[in-house]
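Chemist: Structure supplied as run_27.csv; contents: CSV, C-alpha atoms.
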chain,number,residue,atom,x,y,z
A,1,MET,CA,173.8,112.9,51.8
A,2,LYS,CA,175.5,114.9,49.1
A,3,LYS,CA,179.1,115.7,49.5
A,4,GLY,CA,181.8,117.5,47.5
A,5,ILE,CA,183.1,121.0,46.9
A,6,ILE,CA,181.9,124.5,46.1
A,7,GLU,CA,184.3,126.5,44.0
A,8,GLY,CA,183.1,129.7,45.6
A,9,PHE,CA,186.2,131.7,46.5
A,10,TYR,CA,187.3,135.1,45.5
A,11,GLY,CA,190.5,135.5,43.6
A,12,ILE,CA,192.1,133.8,40.6
A,13,PRO,CA,189.7,131.1,39.5
A,14,TRP,CA,191.0,127.6,38.9
A,15,THR,CA,192.1,126.7,35.4
A,16,PHE,CA,190.1,124.3,33.2
A,17,GLU,CA,192.7,121.6,33.8
A,18,GLU,CA,192.5,122.1,37.6
A,19,ARG,CA,188.7,121.7,37.4
A,20,LYS,CA,188.9,118.5,35.4
A,21,SER,CA,191.5,117.2,37.9
A,22,MET,CA,189.2,118.0,40.8
A,23,ILE,CA,186.2,116.2,39.3
A,24,LYS,CA,188.3,113.1,38.8
A,25,PHE,CA,189.6,113.4,42.4
A,26,LEU,CA,186.1,113.7,43.8
A,27,ASP,CA,185.2,110.5,42.0
A,28,GLU,CA,188.3,108.7,43.3
A,29,ILE,CA,187.6,109.5,47.0
A,30,GLY,CA,183.8,108.8,46.8
A,31,MET,CA,182.4,112.4,46.8
A,32,ASP,CA,179.6,113.2,44.4
A,33,GLN,CA,179.1,116.9,43.7
A,34,TYR,CA,181.0,119.9,42.3
A,35,ILE,CA,179.2,123.2,42.7
A,36,TYR,CA,180.5,125.8,40.3
A,37,ALA,CA,180.3,129.3,41.8
A,38,PRO,CA,183.7,131.1,41.5
A,39,LYS,CA,183.2,134.7,42.5
A,40,ASP,CA,185.6,136.0,39.8
A,41,ASP,CA,184.1,134.1,36.9
A,42,PRO,CA,182.3,137.2,35.4
A,43,TYR,CA,179.6,135.0,33.7
A,44,HIS,CA,178.7,133.6,37.1
A,45,ASN,CA,178.7,137.0,38.8
A,46,LYS,CA,179.0,140.5,37.4
A,47,LYS,CA,178.2,139.4,33.8
A,48,TRP,CA,175.4,137.0,34.8
A,49,ARG,CA,173.1,138.6,32.2
A,50,GLU,CA,175.4,137.6,29.3
A,51,LEU,CA,175.7,134.2,27.7
A,52,TYR,CA,179.0,132.5,27.8
A,53,PRO,CA,181.2,133.0,24.7
A,54,ALA,CA,181.7,129.9,22.6
A,55,GLU,CA,185.1,129.0,24.1
A,56,GLU,CA,183.9,129.3,27.6
A,57,ILE,CA,180.7,127.3,27.1
A,58,ARG,CA,182.8,124.6,25.5
A,59,LYS,CA,184.8,124.3,28.7
A,60,ILE,CA,181.6,124.1,30.8
A,61,LYS,CA,180.3,121.3,28.5
A,62,ALA,CA,183.6,119.4,28.9
A,63,LEU,CA,183.3,119.7,32.7
A,64,ALA,CA,179.7,118.6,32.6
A,65,ASP,CA,180.4,115.7,30.3
A,66,LEU,CA,183.3,114.5,32.6
A,67,SER,CA,181.1,114.9,35.7
A,68,ASN,CA,178.3,112.9,34.1
A,69,GLU,CA,180.8,110.2,33.1
A,70,LYS,CA,182.2,110.0,36.6
A,71,GLY,CA,178.8,110.2,38.4
A,72,ILE,CA,179.5,113.6,39.8
A,73,GLU,CA,176.6,116.1,40.0
A,74,PHE,CA,177.9,119.3,38.4
A,75,THR,CA,175.9,122.2,39.7
A,76,TRP,CA,176.2,125.5,37.9
A,77,ALA,CA,175.2,128.5,40.1
A,78,ILE,CA,174.5,132.1,39.2
A,79,HIS,CA,175.0,135.2,41.3
A,80,PRO,CA,172.7,138.1,40.4
A,81,GLY,CA,173.5,140.1,43.5
A,82,GLN,CA,176.8,142.0,43.0
A,83,ASN,CA,175.5,143.3,39.8
A,84,PRO,CA,172.0,143.5,41.2
A,85,PHE,CA,168.9,141.9,39.7
A,86,ASP,CA,166.4,144.7,38.9
A,87,PHE,CA,163.1,143.7,40.4
A,88,GLY,CA,161.5,146.6,38.7
A,89,SER,CA,162.1,144.8,35.4
A,90,TYR,CA,161.4,141.3,36.7
A,91,GLU,CA,160.3,139.5,33.6
A,92,LYS,CA,163.2,140.9,31.5
A,93,GLU,CA,165.7,140.1,34.2
A,94,ILE,CA,164.5,136.5,35.0
A,95,SER,CA,164.4,135.8,31.3
A,96,LYS,CA,168.2,136.5,31.3
A,97,ILE,CA,168.6,133.8,34.0
A,98,PHE,CA,166.4,131.4,32.1
A,99,ASP,CA,168.5,132.0,29.0
A,100,LYS,CA,171.7,131.4,31.0
A,101,TYR,CA,170.4,128.2,32.6
A,102,ARG,CA,169.2,127.0,29.2
A,103,GLN,CA,172.7,127.6,27.7
A,104,VAL,CA,174.5,125.6,30.3
A,105,MET,CA,171.7,123.0,30.3
A,106,ALA,CA,172.3,122.5,26.6
A,107,ALA,CA,176.0,122.0,27.5
A,108,GLY,CA,175.0,119.0,29.7
A,109,VAL,CA,174.5,120.6,33.1
A,110,LYS,CA,171.5,119.2,35.0
A,111,SER,CA,171.8,120.9,38.4
A,112,PHE,CA,171.6,124.6,39.2
A,113,GLY,CA,172.1,127.1,42.0
A,114,LEU,CA,171.2,130.7,42.9
A,115,CYS,CA,173.6,132.7,45.1
A,116,MET,CA,172.4,135.8,46.9
A,117,ASP,CA,175.3,135.9,49.4
A,118,ASP,CA,177.5,138.9,50.2
A,119,ILE,CA,174.9,141.5,49.2
A,120,ASP,CA,173.2,144.4,51.0
A,121,LYS,CA,171.1,142.6,53.7
A,122,ASN,CA,168.8,145.6,54.4
A,123,LEU,CA,168.0,145.8,50.7
A,124,ALA,CA,167.5,142.1,50.6
A,125,TYR,CA,165.0,142.4,53.5
A,126,ASP,CA,163.1,145.1,51.8
A,127,GLN,CA,163.0,143.0,48.6
A,128,ARG,CA,162.3,139.7,50.5
A,129,LYS,CA,159.0,139.0,48.7
A,130,ASP,CA,160.6,139.7,45.4
A,131,HIS,CA,163.5,137.3,46.3
A,132,ILE,CA,161.0,134.6,47.2
A,133,LYS,CA,159.2,135.0,43.9
A,134,LEU,CA,162.5,134.7,42.1
A,135,ILE,CA,163.5,131.6,44.1
A,136,LYS,CA,160.2,129.9,43.4
A,137,ASP,CA,160.2,130.7,39.7
A,138,LEU,CA,163.7,129.4,39.3
A,139,GLU,CA,163.0,126.4,41.5
A,140,ASP,CA,159.9,125.6,39.3
A,141,PHE,CA,162.0,126.0,36.2
A,142,VAL,CA,164.8,123.8,37.3
A,143,GLU,CA,162.4,121.1,38.6
A,144,ARG,CA,160.4,121.2,35.4
A,145,GLU,CA,163.4,121.1,33.1
A,146,THR,CA,165.7,118.7,35.0
A,147,GLY,CA,163.7,117.2,37.8
A,148,SER,CA,166.3,118.4,40.3
A,149,CYS,CA,166.3,120.8,43.2
A,150,LEU,CA,167.6,124.4,43.3
A,151,TYR,CA,170.6,125.1,45.5
A,152,PHE,CA,170.3,128.5,47.3
A,153,VAL,CA,172.6,130.7,49.3
A,154,HIS,CA,170.7,133.4,51.2
A,155,PRO,CA,172.1,136.8,52.5
A,156,TRP,CA,172.1,135.8,56.2
A,157,TYR,CA,174.0,132.5,55.7
A,158,ASN,CA,175.4,132.2,59.3
A,159,ASP,CA,174.5,132.8,62.9
A,160,ALA,CA,176.8,135.8,63.3
A,161,TRP,CA,174.9,137.7,60.7
A,162,ILE,CA,171.4,136.6,61.1
A,163,ASP,CA,169.0,138.9,63.0
A,164,GLU,CA,165.2,139.5,63.1
A,165,LYS,CA,165.2,140.5,59.5
A,166,GLY,CA,167.1,137.4,58.6
A,167,PHE,CA,164.8,135.2,60.6
A,168,GLU,CA,161.8,136.6,58.8
A,169,TYR,CA,163.5,136.0,55.4
A,170,GLU,CA,164.3,132.4,56.4
A,171,SER,CA,160.7,131.8,57.4
A,172,LEU,CA,159.7,132.5,53.8
A,173,LEU,CA,161.8,129.6,52.6
A,174,LYS,CA,160.0,126.9,54.7
A,175,ASP,CA,157.3,126.0,52.1
A,176,ILE,CA,159.6,125.8,49.1
A,177,ASN,CA,160.0,122.0,48.7
A,178,ASN,CA,162.6,121.6,45.9
A,179,LEU,CA,165.1,124.0,47.6
A,180,ASN,CA,168.4,123.1,49.2
A,181,VAL,CA,169.6,125.9,51.4
A,182,MET,CA,173.3,126.5,52.1
A,183,TRP,CA,174.6,127.4,55.5
A,184,THR,CA,178.1,128.2,56.8
A,185,GLY,CA,177.3,127.7,60.5
A,186,SER,CA,178.1,129.9,63.5
A,187,GLN,CA,180.2,132.3,61.5
A,188,VAL,CA,181.3,132.9,57.9
A,189,VAL,CA,184.5,130.9,58.6
A,190,ALA,CA,183.9,128.5,61.4
A,191,PRO,CA,184.2,124.9,62.6
A,192,ILE,CA,181.2,122.7,62.1
A,193,SER,CA,178.6,123.4,64.8
A,194,TYR,CA,176.0,120.9,65.7
A,195,ASP,CA,173.8,123.5,67.5
A,196,SER,CA,174.1,126.0,64.7
A,197,ASN,CA,172.8,123.3,62.2
A,198,GLU,CA,170.0,122.4,64.6
A,199,GLY,CA,168.9,126.0,64.9
A,200,PHE,CA,168.9,126.4,61.2
A,201,ALA,CA,166.8,123.2,60.7
A,202,ASN,CA,164.3,124.3,63.3
A,203,ARG,CA,163.8,127.7,61.7
A,204,VAL,CA,163.8,126.6,58.0
A,205,GLY,CA,162.1,123.2,58.4
A,206,LYS,CA,164.9,121.3,56.6
A,207,LYS,CA,168.5,120.3,57.3
A,208,PRO,CA,171.2,122.6,56.0
A,209,TYR,CA,173.5,122.0,53.1
A,210,ILE,CA,176.8,123.1,54.7
A,211,TRP,CA,179.1,125.5,52.8
A,212,PHE,CA,182.2,124.9,54.8
A,213,ASN,CA,184.7,127.7,54.4
A,214,TRP,CA,187.8,125.5,54.7
A,215,PRO,CA,190.5,125.4,53.5
A,216,VAL,CA,189.6,128.5,51.5
A,217,ASN,CA,192.3,131.2,51.8
A,218,ASP,CA,190.9,134.1,49.9
A,219,TYR,CA,190.8,136.1,53.1
A,220,ARG,CA,194.5,135.3,53.8
A,221,PRO,CA,195.9,134.9,50.2
A,222,GLU,CA,199.5,135.2,51.5
A,223,GLU,CA,199.1,131.8,53.2
A,224,ILE,CA,198.2,128.2,52.4
A,225,PHE,CA,196.5,125.9,54.9
A,226,ILE,CA,197.7,122.3,55.3
A,227,GLU,CA,195.9,121.4,58.5
A,228,THR,CA,194.6,118.3,60.2
A,229,PHE,CA,190.8,118.2,60.1
A,230,GLU,CA,189.3,118.1,63.6
A,231,PHE,CA,187.1,121.1,63.2
A,232,TYR,CA,183.8,119.9,64.5
A,233,ASP,CA,182.0,119.8,67.9
A,234,SER,CA,180.0,116.6,67.3
A,235,ARG,CA,180.4,113.5,65.3
A,236,GLU,CA,176.7,113.3,64.8
A,237,ILE,CA,175.7,114.3,61.2
A,238,ASN,CA,172.8,116.8,61.2
A,239,PHE,CA,173.0,118.1,57.6
A,240,ASP,CA,171.9,116.9,54.2
A,241,GLY,CA,174.8,118.1,52.2
A,242,PHE,CA,178.4,119.1,52.8
A,243,TYR,CA,180.7,121.2,50.5
A,244,LEU,CA,184.2,122.5,51.2
A,245,ASN,CA,185.1,125.8,49.7
A,246,PRO,CA,188.7,125.2,48.7
A,247,MET,CA,191.8,127.4,48.3
A,248,ASN,CA,193.0,129.2,45.2
A,249,GLN,CA,195.6,126.4,45.2
A,250,ALA,CA,193.5,123.5,43.8
A,251,GLU,CA,195.9,120.6,44.3
A,252,THR,CA,196.8,121.6,47.8
A,253,SER,CA,193.1,121.8,48.7
A,254,LYS,CA,192.8,118.1,48.0
A,255,ILE,CA,194.6,117.3,51.2
A,256,SER,CA,191.7,118.9,53.2
A,257,ILE,CA,189.0,117.5,50.9
A,258,TYR,CA,190.3,114.0,51.3
A,259,GLN,CA,190.2,114.3,55.1
A,260,VAL,CA,186.6,115.5,55.2
A,261,GLY,CA,185.7,112.7,52.8
A,262,GLU,CA,187.0,110.3,55.4
A,263,TYR,CA,185.0,112.0,58.2
A,264,LEU,CA,181.8,111.9,56.2
A,265,LYS,CA,182.2,108.2,55.4
A,266,ASN,CA,182.1,107.3,59.1
A,267,SER,CA,182.2,110.3,61.5
A,268,ALA,CA,181.9,108.0,64.6
A,269,LYS,CA,185.2,106.2,63.8
A,270,TYR,CA,187.0,109.0,62.1
A,271,LYS,CA,190.6,109.5,63.3
A,272,PRO,CA,192.1,112.9,62.4
A,273,GLU,CA,195.8,112.0,62.5
A,274,GLN,CA,195.3,108.8,60.5
A,275,ALA,CA,193.1,110.6,57.9
A,276,PHE,CA,195.7,113.4,57.6
A,277,LYS,CA,198.5,111.0,56.9
A,278,LYS,CA,196.4,109.1,54.4
A,279,ALA,CA,195.5,112.3,52.6
A,280,ILE,CA,199.2,113.3,52.3
A,281,LYS,CA,200.2,109.9,51.1
A,282,PHE,CA,197.4,109.9,48.5
A,283,LEU,CA,198.5,113.2,47.1
A,284,GLU,CA,202.3,112.7,47.5
A,285,PRO,CA,202.9,109.0,47.5
A,286,ILE,CA,206.7,109.2,47.1
A,287,ASP,CA,207.8,111.8,49.7
A,288,CYS,CA,204.9,111.9,52.1
A,289,GLU,CA,207.1,111.8,55.2
A,290,ASP,CA,208.8,115.1,54.4
A,291,LEU,CA,205.5,116.8,53.6
A,292,ILE,CA,204.1,115.5,56.9
A,293,LYS,CA,207.0,117.2,58.7
A,294,ILE,CA,206.6,120.4,56.8
A,295,ALA,CA,202.8,120.7,57.1
A,296,PRO,CA,202.5,121.9,60.8
A,297,SER,CA,204.0,125.2,59.7
A,298,PHE,CA,200.9,125.9,57.6
A,299,TYR,CA,198.2,126.0,60.3
A,300,GLY,CA,196.7,129.5,59.8
A,301,SER,CA,193.1,129.3,58.9
A,302,LEU,CA,190.3,131.0,60.9
A,303,VAL,CA,188.6,127.6,61.2
A,304,TYR,CA,191.7,126.3,63.0
A,305,GLU,CA,191.9,129.4,65.2
A,306,ARG,CA,188.2,129.1,66.2
A,307,THR,CA,188.3,125.4,67.1
A,308,GLU,CA,188.3,124.8,70.8
A,309,GLY,CA,190.2,121.9,72.3
A,310,LYS,CA,192.1,121.0,69.1
A,311,LYS,CA,194.8,118.4,69.5
A,312,PHE,CA,197.0,119.4,66.5
A,313,THR,CA,198.4,122.9,66.7
A,314,GLU,CA,200.9,124.9,64.6
A,315,ASP,CA,204.5,123.7,65.1
A,316,MET,CA,203.5,122.4,68.5
A,317,GLU,CA,206.7,120.4,69.1
A,318,ILE,CA,208.9,123.4,68.2
A,319,LYS,CA,206.8,125.7,70.4
A,320,LYS,CA,207.0,123.3,73.4
A,321,ALA,CA,210.8,122.9,73.1
A,322,PHE,CA,211.2,126.7,73.0
A,323,GLU,CA,209.0,127.3,75.9
A,324,GLU,CA,210.7,124.6,78.0
A,325,LYS,CA,214.1,126.1,77.0
A,326,ASP,CA,215.3,122.7,75.6
A,327,ARG,CA,217.8,124.2,73.1
A,328,GLU,CA,219.1,120.8,72.0
A,329,LEU,CA,215.6,119.5,71.1
A,330,LEU,CA,214.7,122.8,69.5
A,331,ARG,CA,217.8,122.7,67.3
A,332,ASN,CA,217.1,119.2,66.3
A,333,LEU,CA,213.5,120.0,65.3
A,334,LEU,CA,214.6,123.0,63.3
A,335,GLU,CA,217.3,121.0,61.5
A,336,GLU,CA,214.7,118.3,60.7
A,337,LYS,CA,212.3,120.9,59.3
A,338,ILE,CA,215.1,122.3,57.0
A,339,LYS,CA,216.1,118.9,55.9
A,340,ALA,CA,212.5,117.9,55.2
A,341,ALA,CA,212.0,121.1,53.1
A,342,GLU,CA,215.2,120.4,51.1
A,343,SER,CA,214.3,116.7,50.6
A,344,TYR,CA,210.8,117.5,49.5
A,345,LYS,CA,212.1,119.8,46.8
A,346,LYS,CA,214.3,117.0,45.4
A,347,ASN,CA,212.1,113.9,45.9
A,348,HIS,CA,208.5,115.0,45.4
A,349,ALA,CA,206.3,113.1,42.9
A,350,ASN,CA,203.3,115.4,42.6
A,351,GLU,CA,204.5,118.2,40.4
A,352,ASP,CA,201.2,120.2,40.5
A,353,LEU,CA,201.3,120.1,44.3
A,354,TYR,CA,204.9,121.1,44.4
A,355,LYS,CA,204.4,124.1,42.1
A,356,GLU,CA,201.6,125.4,44.4
A,357,ILE,CA,203.4,125.1,47.7
A,358,ASN,CA,207.0,125.6,46.7
A,359,PRO,CA,207.1,129.4,47.3
A,360,PHE,CA,205.7,128.7,50.8
A,361,VAL,CA,208.1,125.9,51.5
A,362,GLU,CA,211.1,128.0,50.4
A,363,SER,CA,210.0,130.8,52.7
A,364,LEU,CA,209.5,128.4,55.5
A,365,LYS,CA,213.0,126.9,55.0
A,366,ASN,CA,214.6,130.3,55.1
A,367,LEU,CA,212.6,131.3,58.2
A,368,THR,CA,213.6,128.1,59.9
A,369,LYS,CA,217.2,128.7,59.0
A,370,ALA,CA,216.9,132.2,60.4
A,371,VAL,CA,215.7,130.9,63.8
A,372,LEU,CA,218.5,128.3,63.9
A,373,THR,CA,221.3,130.7,63.0
A,374,ARG,CA,220.0,133.3,65.5
A,375,LEU,CA,219.8,130.5,68.1
A,376,ASP,CA,223.5,129.9,67.4
A,377,GLY,CA,224.3,133.6,67.8
A,378,ASN,CA,225.0,134.3,64.1
A,379,LYS,CA,222.9,137.5,63.9
A,380,ILE,CA,224.1,138.6,60.5
A,381,GLN,CA,223.4,135.3,58.8
A,382,ALA,CA,220.0,135.1,60.6
A,383,GLU,CA,219.0,138.5,59.2
A,384,THR,CA,220.0,137.4,55.7
A,385,ASP,CA,218.0,134.2,56.0
A,386,TYR,CA,215.0,136.1,57.5
A,387,LYS,CA,215.1,138.6,54.6
A,388,ARG,CA,215.1,135.8,52.1
A,389,ALA,CA,212.1,134.3,53.8
A,390,LYS,CA,210.2,137.5,53.6
A,391,ASP,CA,211.1,138.4,50.0
A,392,ILE,CA,209.3,135.5,48.4
A,393,LYS,CA,206.2,136.5,46.5
A,394,ILE,CA,203.2,135.0,44.8
A,395,GLN,CA,200.6,136.4,42.3
A,396,VAL,CA,197.1,137.1,43.5
A,397,LEU,CA,194.0,138.9,42.1
A,398,GLY,CA,193.6,142.2,44.0
A,399,GLU,CA,191.1,145.0,43.7
A,400,ASN,CA,193.1,146.5,40.8
A,401,GLY,CA,194.0,143.3,39.0
A,402,LEU,CA,196.9,140.9,39.3
A,403,GLU,CA,199.5,141.8,41.9
A,404,LYS,CA,202.4,140.3,43.8
A,405,ILE,CA,202.3,139.8,47.6
A,406,ASN,CA,204.8,138.3,50.1
A,407,VAL,CA,204.0,134.9,51.4
A,408,LYS,CA,203.6,134.0,55.0
A,409,THR,CA,204.3,130.8,56.9
A,410,SER,CA,204.7,129.7,60.5
A,411,GLY,CA,203.6,132.3,63.1
A,412,ILE,CA,205.3,130.2,65.8
A,413,LEU,CA,208.7,130.4,64.1
A,414,GLU,CA,208.2,134.1,63.4
A,415,ASP,CA,207.4,134.6,67.1
A,416,ILE,CA,210.5,132.6,68.2
A,417,TYR,CA,212.7,134.5,65.8
A,418,GLN,CA,211.6,137.8,67.3
A,419,LYS,CA,212.0,136.6,70.9
A,420,ILE,CA,215.5,135.1,70.6
Could you rewrite the structure in this file as structure tokens?

Modeler:
Amino acid sequence: MKKGIIEGFYGIPWTFEERKSMIKFLDEIGMDQYIYAPKDDPYHNKKWRELYPAEEIRKIKALADLSNEKGIEFTWAIHPGQNPFDFGSYEKEISKIFDKYRQVMAAGVKSFGLCMDDIDKNLAYDQRKDHIKLIKDLEDFVERETGSCLYFVHPWYNDAWIDEKGFEYESLLKDINNLNVMWTGSQVVAPISYDSNEGFANRVGKKPYIWFNWPVNDYRPEEIFIETFEFYDSREINFDGFYLNPMNQAETSKISIYQVGEYLKNSAKYKPEQAFKKAIKFLEPIDCEDLIKIAPSFYGSLVYERTEGKKFTEDMEIKKAFEEKDRELLRNLLEEKIKAAESYKKNHANEDLYKEINPFVESLKNLTKAVLTRLDGNKIQAETDYKRAKDIKIQVLGENGLEKINVKTSGILEDIYQKI
């Protein structure tokens, strides 16, 4: 089984250094694939017809060389969907993809993908036979040139979207042998579903390669997710590949990736709490205890929300103390959270991780102080602390370019503050 990540999110792409660091990390934890498909790399997406400039292909070569050195399969994917492939000029258009594949192949890439996700599905259905021709021609090219399979994302890549048109489209994929088809499961952003994977396998005639949209935060860029991985309904593995789509924050994403790596090593014996603590200690060996105390305030992903029967929930001890009106315990827990945030700032060892999460930790610290001071009846100070929490911003890539947005942390603490 292949396992790793797919850099497939929208927003500010990772830096060259972050990508190198991720490849080394995957090797360290026993994962073996990096699929390169960032939506906002123009040469993957809107400028797919254009060859990479010299400086950019140099970076791709460096990533491919490092991956080959570490035994990581570096898969470069193209997305000729958002700047649509013109099937009326088929030979001219596919020659552009061949040229692009050859360029990155010459840079050392040996594995390739084709992404047709997030496009007009009605048009995709009308063009389904053209799509299949394109898939087969690219699959033949990749197999002939590299001996590997083609990775493919189709327009109906989850149960919530698929319909009769999607079923017919999928049926056309059954006889393409060297094709690994990606699948997100029951929804675009959802826990791992055994039944969804089985349904896919029965329709397509092969097990899915899971594109797991966690801990990706491009749909909630004002948040980060540091959650305990328990987002599955079966410990039985019924897929042939598994790839996490990470956050825009590369270093923070490693906490989630590490946990899934533990799950995939031995799903039957996997212990969520133990894996979470191991992940934190691996990424932050010096001040892991403080980060473990802070983390429950960053449970906000849709995968978390859509997982039934989860054991670990957002700020669950604080929520319970508030609901049971145990003011002494609530005060102690709030003070511990503030102390942990202040201690982490002073004692952290992983500077890259700290830089990514510091704005969120600062906002959390001030929000926690606001709850505590309001609990003590100091309304003026509480409002000051609350304003400080809400005024912290980060930079994101919006529709009109780079922009600043306010960060968001614990919904539980926000709710308590409003109720006191």

Chemist: Point out the residue among A:Ile420, A:Val216, A:Ile294, A:Ile97 with the least atom-to-atom distance to Val371 of chain A, counting only C-alpha atoms.

Modeler: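 When distances to Val371 of chain A are compared using only C-alpha atoms, the smallest one comes from A:Ile420.
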
Chemist: Pick the closest to Lys3 of chain A from A:Asp290, A:Glu18, A:Glu262, A:Glu139: which is it, counting all atoms listed in the file?

Modeler: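 Closest to Lys3 of chain A of all the choices is A:Glu262.
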
Chemist: Given the choices A:Leu372, A:Leu367, A:Val104, A:Ala349, which gets closest to Glu56 of chain A if the distance is worked out from only C-alpha atoms?

Modeler: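 So, comparing all the options, the nearest one is A:Val104.
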
Chemist: Provide the atom CA of Asn202 of chain A to atom CA of Ile132 of chain A distance in Å, to one decimal place.

Modeler: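 Atom-to-atom, atom CA of Asn202 of chain A to atom CA of Ile132 of chain A, that is 19.4 Å.
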
Chemist: Measuring atom to atom with only C-alpha atoms, identify which of A:Cys149, A:Met247, A:Trp161, A:Gly81 is nearest to Asp120 of chain A.

Modeler: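 Among the listed residues, A:Gly81 lies closest to Asp120 of chain A.
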
Chemist: As a list in words, please: the residues near Gln395 of chain A (cut-off 8 Å, all atoms listed in the file, same-chain neighbours under 2 positions excluded).

Modeler: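 Answer for this query is Lys393, Leu397, Leu402, Glu403, Lys404 and Ile405 of chain A.
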
Chemist: Quick check, in Å to one decimal: how far apart do atom CA of Phe242 of chain A and atom CA of Ala124 of chain A lie?

Modeler: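 Going from atom CA of Phe242 of chain A over to atom CA of Ala124 of chain A, I get 25.5 Å.
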
Chemist: Excluding Leu375 of chain A and residues on its chain fewer than 5 positions from it, collect all residues at most 10 Å away from it, counting only C-alpha atoms, and give them as a list in words.

Modeler: Arg327, Leu330, Arg331, Lys369, Ala370, Ala382, Ile416, Tyr417 and Ile420 of chain A

Chemist: Could those selected residues go to a file with C-alpha atoms, as a short mmCIF file (atom, residue, chain, number, x, y, z; two decimals), keeping the file's coordinate frame?

Modeler:
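Generated output (result.cif):
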data_model
loop_
_atom_site.label_atom_id
_atom_site.label_comp_id
_atom_site.auth_asym_id
_atom_site.auth_seq_id
_atom_site.Cartn_x
_atom_site.Cartn_y
_atom_site.Cartn_z
CA ARG A 327 217.80 124.20 73.10
CA LEU A 330 214.70 122.80 69.50
CA ARG A 331 217.80 122.70 67.30
CA LYS A 369 217.20 128.70 59.00
CA ALA A 370 216.90 132.20 60.40
CA ALA A 382 220.00 135.10 60.60
CA ILE A 416 210.50 132.60 68.20
CA TYR A 417 212.70 134.50 65.80
CA ILE A 420 215.50 135.10 70.60
#

Chemist: Near Ala250 of chain A, within 12 Å and counting all atoms listed in the file, which residues show up once chain neighbours fewer than 2 positions away are dropped, as a PyMOL selection string?

Modeler: chain A and resi 5-7+9+12-23+25+215-217+224-225+244-248+252-257+283+352-357

Chemist: Measuring between all atoms listed in the file, which one of A:Arg306, A:Asn238, A:Pro38, A:Lys129 shows the shortest distance to Ser186 of chain A?

Modeler: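 Of A:Arg306, A:Asn238, A:Pro38, A:Lys129, the one nearest Ser186 of chain A is A:Arg306, counting all atoms listed in the file.
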
Chemist: Looking at A:Gly166, A:Pro285, A:Gly108, A:Pro84, which one is nearest to Ser67 of chain A, with distances taken over all atoms listed in the file?

Modeler: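 The answer is A:Gly108, which sits nearest to Ser67 of chain A.
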
Chemist: Between atom CA of Tyr90 of chain A and atom CA of Glu50 of chain A, what is the spacing in Å?

Modeler: 16.3 Å

Chemist: I want to know what sits within 6 Å of segment 191-195 of chain A, based on all atoms listed in the file, with residues of the same chain fewer than 3 positions away left out; could you give that as a list of chain:residue names?

Modeler: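 These residues fall inside the cut-off: A:Glu198, A:Phe231, A:Tyr232, A:Asp233, A:Val303.
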
Chemist: Kindly extract all protein, DNA and RNA residues lying within 9 Å of the coordinates (205.7, 133.0, 58.5) given in the file, considering all atoms listed in the file, and supply them as a list of chain:residue names.

Modeler: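 Residues with an atom close enough to that point: A:Glu223, A:Ser297, A:Phe298, A:Phe360, A:Ser363, A:Leu364, A:Leu367, A:Ala389, A:Lys390, A:Val407, A:Lys408, A:Thr409, A:Ser410, A:Gly411, A:Ile412, A:Leu413, A:Glu414, A:Asp415.
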
Chemist: Using the file's own x, y and z axes, what box holds all listed atoms of segment 198-209 of chain A with 5 Å on each side, keeping edges along x, y and z, and what are its centre and edge lengths in Å to one decimal, as JSON?

Modeler:
{"center_x": 167.8, "center_y": 124.0, "center_z": 59.0, "size_x": 21.4, "size_y": 17.4, "size_z": 21.8}

Chemist: Give me, as JSON, numbers by chain, all polymer residues having an atom no more than 10 Å from Ala64 of chain A, counting only C-alpha atoms and skipping those fewer than 2 positions away in the same chain.

Modeler: {"A": [20, 23, 34, 58, 59, 60, 61, 62, 66, 67, 68, 69, 70, 72, 73, 74, 75, 76, 104, 105, 107, 108, 109, 110]}
